Amino acid sequence: VTDIYFNTGDYVAKGSVLAQVDDELRLAAFQNAKAQYDKLKKDYDRMLALKQTNSITEVQYENAKLGLTNAETNLTMASRQYNDTKIKSPISGYITAKGIDVGYLLQSGPQASFIANIVDISRLKVKLNIPEAQAFSLKKGDKVEISSEVFPGTTFYGKVNSVSVKGDDAHTYPVEIFLDNNQKHKLKAGMFCTVSFITLDRN
């Protein structure tokens, strides 16, 4: 790692560069692949013009076409490898943990290096368990009201995303609720809240 562009607590947008990896060799490979592609593209264009006037054989034309195809494949691979030297954020969110520093040697494969933990709180998930008697009264899409002691008097609104078809040992059923975060009173991941099921309140 040669450069790092984030710190814990920063907000990062999807696609923004988090860190730069040494790119000297991959840049050289990309430039070489680009030069080879440009040369073979000119050769192919020349062969195509000659073929239209029947000045070359079909074999010569096909060889030029194959060479260009191989060069295009090599250029695509080299371009991808070069672009991969820039580590980008897959989502928008806040950095909650940082795992690398300048000089860090990144590892891939089964034990890939930990770069950063990014949390997107624009949409949150509430997880809770409800008694079996209530599980049959809920369905996906039911509206719910959510409150938090951190923001007294403020009501957040969400919808049931799923009700598990299998209960636990206590005969309660896991429920997941999605809600869009309030921009004025922004909830944080990991907070406790109180959920009121509008569907159950009406029954």
# chains A, B, ... in the order shown; residues from 1 in each chain; ligands from 1

$ residues_around --residues "Ala19 in chain A" --least-positions-apart "3" --cutoff "9 Å" --atoms "only C-alpha atoms" --output "list in words"
Val1, Thr2, Asp3, Ile4, Tyr5, Phe6, Thr85, Lys86, Ile87, Lys88, Val102 and Ile115 of chain A

$ select_by_dssp --residues "range 1-152 of chain A" --states "strand (DSSP E)" --output "VMD selection string"
chain A and resid 3 to 4 11 to 12 17 to 20 86 to 88 93 to 98 116 to 119 123 to 131 143 to 147

$ closest_residue --among "A:Ala133, A:Thr96, A:Ser196, A:Leu138" --to "Phe156 in chain A" --atoms "only C-alpha atoms"
A:Ser196

$ closest_atom_pairs --of "range 97-140 of chain A" --to "range 159-180 of chain A" --cutoff "8 Å" --atoms "only C-alpha atoms" --output "JSON lines"
{"residue": "A:Ser122", "atom": "CA", "partner": "A:Asp180", "partner_atom": "CA", "distance": 6.1}
{"residue": "A:Arg123", "atom": "CA", "partner": "A:Asp180", "partner_atom": "CA", "distance": 4.5}
{"residue": "A:Leu124", "atom": "CA", "partner": "A:Leu179", "partner_atom": "CA", "distance": 5.5}
{"residue": "A:Lys125", "atom": "CA", "partner": "A:Phe178", "partner_atom": "CA", "distance": 4.7}
{"residue": "A:Val126", "atom": "CA", "partner": "A:Ile177", "partner_atom": "CA", "distance": 4.9}
{"residue": "A:Lys127", "atom": "CA", "partner": "A:Glu176", "partner_atom": "CA", "distance": 4.8}
{"residue": "A:Leu128", "atom": "CA", "partner": "A:Val175", "partner_atom": "CA", "distance": 5.4}
{"residue": "A:Asn129", "atom": "CA", "partner": "A:Pro174", "partner_atom": "CA", "distance": 4.3}
{"residue": "A:Ile130", "atom": "CA", "partner": "A:Thr172", "partner_atom": "CA", "distance": 5.1}
{"residue": "A:Pro131", "atom": "CA", "partner": "A:Thr172", "partner_atom": "CA", "distance": 4.5}
{"residue": "A:Glu132", "atom": "CA", "partner": "A:Thr172", "partner_atom": "CA", "distance": 5.5}
{"residue": "A:Ala135", "atom": "CA", "partner": "A:Tyr173", "partner_atom": "CA", "distance": 6.6}
{"residue": "A:Leu138", "atom": "CA", "partner": "A:Val163", "partner_atom": "CA", "distance": 7.3}
{"residue": "A:Lys139", "atom": "CA", "partner": "A:Val163", "partner_atom": "CA", "distance": 6.8}
{"residue": "A:Lys140", "atom": "CA", "partner": "A:Val160", "partner_atom": "CA", "distance": 5.0}

$ write_last_selection --atoms "all heavy atoms" --output "compact mmCIF listing (two decimals), in the first residue's frame"
# COMPACT_ATOMS: atom_id res chain seq x y z
N SER A 122 -28.05 4.63 5.53
CA SER A 122 -29.15 5.30 4.86
C SER A 122 -30.42 4.46 4.94
O SER A 122 -31.54 4.99 4.93
CB SER A 122 -28.81 5.58 3.39
OG SER A 122 -28.60 4.38 2.68
N ARG A 123 -30.23 3.13 5.01
CA ARG A 123 -31.35 2.22 5.21
C ARG A 123 -30.94 1.22 6.27
O ARG A 123 -29.88 0.60 6.17
CB ARG A 123 -31.69 1.51 3.90
CG ARG A 123 -33.06 0.85 3.91
CD ARG A 123 -33.34 0.18 2.58
NE ARG A 123 -34.74 -0.19 2.47
CZ ARG A 123 -35.18 -1.20 1.74
NH1 ARG A 123 -34.34 -1.95 1.07
NH2 ARG A 123 -36.47 -1.47 1.67
N LEU A 124 -31.78 1.06 7.29
CA LEU A 124 -31.44 0.20 8.41
C LEU A 124 -32.35 -1.01 8.47
O LEU A 124 -33.47 -1.01 7.93
CB LEU A 124 -31.54 0.98 9.73
CG LEU A 124 -30.59 2.18 9.89
CD1 LEU A 124 -30.91 2.94 11.16
CD2 LEU A 124 -29.14 1.70 9.90
N LYS A 125 -31.87 -2.03 9.16
CA LYS A 125 -32.64 -3.25 9.36
C LYS A 125 -32.86 -3.43 10.86
O LYS A 125 -31.92 -3.36 11.65
CB LYS A 125 -31.90 -4.45 8.79
CG LYS A 125 -32.62 -5.79 9.01
CD LYS A 125 -31.71 -6.97 8.70
CE LYS A 125 -31.33 -7.00 7.23
NZ LYS A 125 -30.52 -8.19 6.92
N VAL A 126 -34.10 -3.65 11.26
CA VAL A 126 -34.43 -3.96 12.65
C VAL A 126 -34.74 -5.45 12.73
O VAL A 126 -35.53 -5.97 11.95
CB VAL A 126 -35.65 -3.15 13.13
CG1 VAL A 126 -35.98 -3.50 14.58
CG2 VAL A 126 -35.39 -1.66 12.99
N LYS A 127 -34.11 -6.12 13.68
CA LYS A 127 -34.32 -7.56 13.85
C LYS A 127 -34.91 -7.80 15.24
O LYS A 127 -34.39 -7.30 16.24
CB LYS A 127 -33.01 -8.32 13.67
CG LYS A 127 -32.36 -8.10 12.31
CD LYS A 127 -31.03 -8.80 12.18
CE LYS A 127 -31.18 -10.30 12.12
NZ LYS A 127 -29.89 -10.98 11.82
N LEU A 128 -35.97 -8.57 15.31
CA LEU A 128 -36.59 -8.91 16.59
C LEU A 128 -37.35 -10.21 16.45
O LEU A 128 -37.51 -10.73 15.34
CB LEU A 128 -37.54 -7.79 17.04
CG LEU A 128 -38.86 -7.62 16.27
CD1 LEU A 128 -39.86 -6.86 17.12
CD2 LEU A 128 -38.64 -6.89 14.95
N ASN A 129 -37.78 -10.76 17.57
CA ASN A 129 -38.55 -11.99 17.60
C ASN A 129 -39.93 -11.70 18.18
O ASN A 129 -40.05 -10.93 19.14
CB ASN A 129 -37.85 -13.06 18.43
CG ASN A 129 -36.64 -13.64 17.73
OD1 ASN A 129 -35.90 -12.92 17.07
ND2 ASN A 129 -36.44 -14.94 17.87
N ILE A 130 -40.96 -12.31 17.60
CA ILE A 130 -42.32 -12.10 18.08
C ILE A 130 -42.95 -13.44 18.45
O ILE A 130 -42.55 -14.48 17.92
CB ILE A 130 -43.19 -11.39 17.03
CG1 ILE A 130 -43.31 -12.23 15.76
CG2 ILE A 130 -42.62 -10.01 16.71
CD1 ILE A 130 -44.28 -11.66 14.74
N PRO A 131 -43.95 -13.44 19.35
CA PRO A 131 -44.60 -14.69 19.74
C PRO A 131 -45.31 -15.33 18.55
O PRO A 131 -45.72 -14.64 17.60
CB PRO A 131 -45.60 -14.24 20.81
CG PRO A 131 -45.07 -12.93 21.31
CD PRO A 131 -44.43 -12.29 20.12
N GLU A 132 -45.50 -16.63 18.63
CA GLU A 132 -46.09 -17.36 17.51
C GLU A 132 -47.53 -16.91 17.24
O GLU A 132 -47.98 -16.91 16.09
CB GLU A 132 -46.06 -18.86 17.78
CG GLU A 132 -46.80 -19.30 19.03
CD GLU A 132 -46.70 -20.79 19.27
OE1 GLU A 132 -45.90 -21.46 18.59
OE2 GLU A 132 -47.42 -21.28 20.14
N ALA A 135 -47.21 -14.01 14.91
CA ALA A 135 -46.48 -14.24 13.66
C ALA A 135 -47.42 -14.45 12.48
O ALA A 135 -47.11 -14.08 11.35
CB ALA A 135 -45.55 -15.44 13.80
N LEU A 138 -48.84 -11.12 10.76
CA LEU A 138 -47.94 -10.21 10.05
C LEU A 138 -47.61 -10.76 8.67
O LEU A 138 -47.56 -11.97 8.46
CB LEU A 138 -46.65 -10.01 10.83
CG LEU A 138 -46.72 -9.20 12.13
CD1 LEU A 138 -45.34 -9.16 12.78
CD2 LEU A 138 -47.23 -7.80 11.87
N LYS A 139 -47.35 -9.85 7.75
CA LYS A 139 -46.92 -10.25 6.41
C LYS A 139 -45.96 -9.21 5.87
O LYS A 139 -45.88 -8.07 6.38
CB LYS A 139 -48.11 -10.42 5.47
CG LYS A 139 -48.87 -9.14 5.20
CD LYS A 139 -50.05 -9.40 4.29
CE LYS A 139 -50.80 -8.11 3.94
NZ LYS A 139 -51.31 -7.41 5.14
N LYS A 140 -45.22 -9.59 4.85
CA LYS A 140 -44.27 -8.67 4.23
C LYS A 140 -44.99 -7.43 3.71
O LYS A 140 -46.03 -7.54 3.06
CB LYS A 140 -43.54 -9.37 3.09
CG LYS A 140 -42.47 -8.51 2.42
CD LYS A 140 -41.69 -9.30 1.39
CE LYS A 140 -40.61 -8.44 0.74
NZ LYS A 140 -39.80 -9.21 -0.24

$ closest_residue --among "A:Tyr94, A:Phe197, A:Tyr37, A:Phe192" --to "Phe151 in chain A" --atoms "only C-alpha atoms"
A:Phe192

$ atom_distance --atom1 "CA of Phe136 in chain A" --atom2 "CA of Ala189 in chain A"
28.3 Å

$ atom_distance --atom1 "CA of Ala29 in chain A" --atom2 "CA of Thr73 in chain A"
13.1 Å

$ decode --residues "range 102-113 of chain A" --atoms "all heavy atoms" --output "PDB file, in the first residue's frame"
ATOM      1  N   VAL A 102       0.017   2.622   5.321  1.00  0.00           N
ATOM      2  CA  VAL A 102       0.992   2.700   4.237  1.00  0.00           C
ATOM      3  C   VAL A 102       2.118   1.697   4.504  1.00  0.00           C
ATOM      4  O   VAL A 102       2.627   1.600   5.627  1.00  0.00           O
ATOM      5  CB  VAL A 102       1.563   4.121   4.118  1.00  0.00           C
ATOM      6  CG1 VAL A 102       2.723   4.155   3.134  1.00  0.00           C
ATOM      7  CG2 VAL A 102       0.474   5.095   3.683  1.00  0.00           C
ATOM      8  N   GLY A 103       2.493   0.948   3.480  1.00  0.00           N
ATOM      9  CA  GLY A 103       3.516  -0.085   3.628  1.00  0.00           C
ATOM     10  C   GLY A 103       2.948  -1.466   3.880  1.00  0.00           C
ATOM     11  O   GLY A 103       3.681  -2.459   3.861  1.00  0.00           O
ATOM     12  N   TYR A 104       1.655  -1.549   4.109  1.00  0.00           N
ATOM     13  CA  TYR A 104       1.005  -2.834   4.381  1.00  0.00           C
ATOM     14  C   TYR A 104       1.029  -3.701   3.120  1.00  0.00           C
ATOM     15  O   TYR A 104       0.777  -3.215   2.015  1.00  0.00           O
ATOM     16  CB  TYR A 104      -0.435  -2.589   4.821  1.00  0.00           C
ATOM     17  CG  TYR A 104      -1.149  -3.796   5.394  1.00  0.00           C
ATOM     18  CD1 TYR A 104      -1.168  -4.023   6.765  1.00  0.00           C
ATOM     19  CD2 TYR A 104      -1.803  -4.698   4.564  1.00  0.00           C
ATOM     20  CE1 TYR A 104      -1.837  -5.126   7.289  1.00  0.00           C
ATOM     21  CE2 TYR A 104      -2.465  -5.798   5.067  1.00  0.00           C
ATOM     22  CZ  TYR A 104      -2.478  -6.002   6.435  1.00  0.00           C
ATOM     23  OH  TYR A 104      -3.138  -7.092   6.944  1.00  0.00           O
ATOM     24  N   LEU A 105       1.322  -4.985   3.280  1.00  0.00           N
ATOM     25  CA  LEU A 105       1.334  -5.931   2.161  1.00  0.00           C
ATOM     26  C   LEU A 105      -0.012  -6.646   2.113  1.00  0.00           C
ATOM     27  O   LEU A 105      -0.359  -7.398   3.024  1.00  0.00           O
ATOM     28  CB  LEU A 105       2.458  -6.956   2.326  1.00  0.00           C
ATOM     29  CG  LEU A 105       2.589  -7.997   1.213  1.00  0.00           C
ATOM     30  CD1 LEU A 105       2.904  -7.324  -0.116  1.00  0.00           C
ATOM     31  CD2 LEU A 105       3.665  -9.026   1.558  1.00  0.00           C
ATOM     32  N   LEU A 106      -0.771  -6.379   1.066  1.00  0.00           N
ATOM     33  CA  LEU A 106      -2.109  -6.962   0.959  1.00  0.00           C
ATOM     34  C   LEU A 106      -2.042  -8.422   0.542  1.00  0.00           C
ATOM     35  O   LEU A 106      -1.188  -8.829  -0.236  1.00  0.00           O
ATOM     36  CB  LEU A 106      -2.940  -6.182  -0.064  1.00  0.00           C
ATOM     37  CG  LEU A 106      -3.244  -4.721   0.281  1.00  0.00           C
ATOM     38  CD1 LEU A 106      -4.073  -4.095  -0.833  1.00  0.00           C
ATOM     39  CD2 LEU A 106      -3.972  -4.609   1.604  1.00  0.00           C
ATOM     40  N   GLN A 107      -2.983  -9.197   1.070  1.00  0.00           N
ATOM     41  CA  GLN A 107      -3.092 -10.607   0.742  1.00  0.00           C
ATOM     42  C   GLN A 107      -4.450 -10.858   0.093  1.00  0.00           C
ATOM     43  O   GLN A 107      -5.446 -10.236   0.447  1.00  0.00           O
ATOM     44  CB  GLN A 107      -2.974 -11.470   2.012  1.00  0.00           C
ATOM     45  CG  GLN A 107      -1.682 -11.272   2.790  1.00  0.00           C
ATOM     46  CD  GLN A 107      -0.472 -11.810   2.048  1.00  0.00           C
ATOM     47  OE1 GLN A 107      -0.596 -12.756   1.263  1.00  0.00           O
ATOM     48  NE2 GLN A 107       0.688 -11.230   2.283  1.00  0.00           N
ATOM     49  N   SER A 108      -4.490 -11.784  -0.860  1.00  0.00           N
ATOM     50  CA  SER A 108      -5.746 -12.171  -1.487  1.00  0.00           C
ATOM     51  C   SER A 108      -6.072 -13.607  -1.112  1.00  0.00           C
ATOM     52  O   SER A 108      -5.416 -14.193  -0.264  1.00  0.00           O
ATOM     53  CB  SER A 108      -5.636 -12.019  -3.010  1.00  0.00           C
ATOM     54  OG  SER A 108      -4.596 -12.846  -3.508  1.00  0.00           O
ATOM     55  N   GLY A 109      -7.098 -14.146  -1.766  1.00  0.00           N
ATOM     56  CA  GLY A 109      -7.435 -15.544  -1.523  1.00  0.00           C
ATOM     57  C   GLY A 109      -8.297 -15.733  -0.291  1.00  0.00           C
ATOM     58  O   GLY A 109      -8.961 -14.806   0.185  1.00  0.00           O
ATOM     59  N   PRO A 110      -8.260 -16.951   0.267  1.00  0.00           N
ATOM     60  CA  PRO A 110      -9.137 -17.277   1.406  1.00  0.00           C
ATOM     61  C   PRO A 110      -8.902 -16.381   2.626  1.00  0.00           C
ATOM     62  O   PRO A 110      -9.822 -16.124   3.394  1.00  0.00           O
ATOM     63  CB  PRO A 110      -8.775 -18.737   1.719  1.00  0.00           C
ATOM     64  CG  PRO A 110      -8.174 -19.254   0.464  1.00  0.00           C
ATOM     65  CD  PRO A 110      -7.463 -18.085  -0.161  1.00  0.00           C
ATOM     66  N   GLN A 111      -7.670 -15.918   2.825  1.00  0.00           N
ATOM     67  CA  GLN A 111      -7.360 -15.060   3.966  1.00  0.00           C
ATOM     68  C   GLN A 111      -7.033 -13.645   3.467  1.00  0.00           C
ATOM     69  O   GLN A 111      -5.965 -13.105   3.735  1.00  0.00           O
ATOM     70  CB  GLN A 111      -6.193 -15.643   4.771  1.00  0.00           C
ATOM     71  CG  GLN A 111      -6.518 -17.005   5.395  1.00  0.00           C
ATOM     72  CD  GLN A 111      -5.356 -17.561   6.192  1.00  0.00           C
ATOM     73  OE1 GLN A 111      -4.203 -17.224   5.957  1.00  0.00           O
ATOM     74  NE2 GLN A 111      -5.677 -18.427   7.150  1.00  0.00           N
ATOM     75  N   ALA A 112      -7.985 -13.077   2.751  1.00  0.00           N
ATOM     76  CA  ALA A 112      -7.793 -11.744   2.174  1.00  0.00           C
ATOM     77  C   ALA A 112      -7.625 -10.699   3.264  1.00  0.00           C
ATOM     78  O   ALA A 112      -8.189 -10.806   4.353  1.00  0.00           O
ATOM     79  CB  ALA A 112      -8.981 -11.390   1.296  1.00  0.00           C
ATOM     80  N   SER A 113      -6.834  -9.683   2.965  1.00  0.00           N
ATOM     81  CA  SER A 113      -6.563  -8.621   3.935  1.00  0.00           C
ATOM     82  C   SER A 113      -7.834  -7.824   4.231  1.00  0.00           C
ATOM     83  O   SER A 113      -8.666  -7.587   3.355  1.00  0.00           O
ATOM     84  CB  SER A 113      -5.490  -7.674   3.391  1.00  0.00           C
ATOM     85  OG  SER A 113      -4.283  -8.362   3.170  1.00  0.00           O
TER      86      SER A 113
END
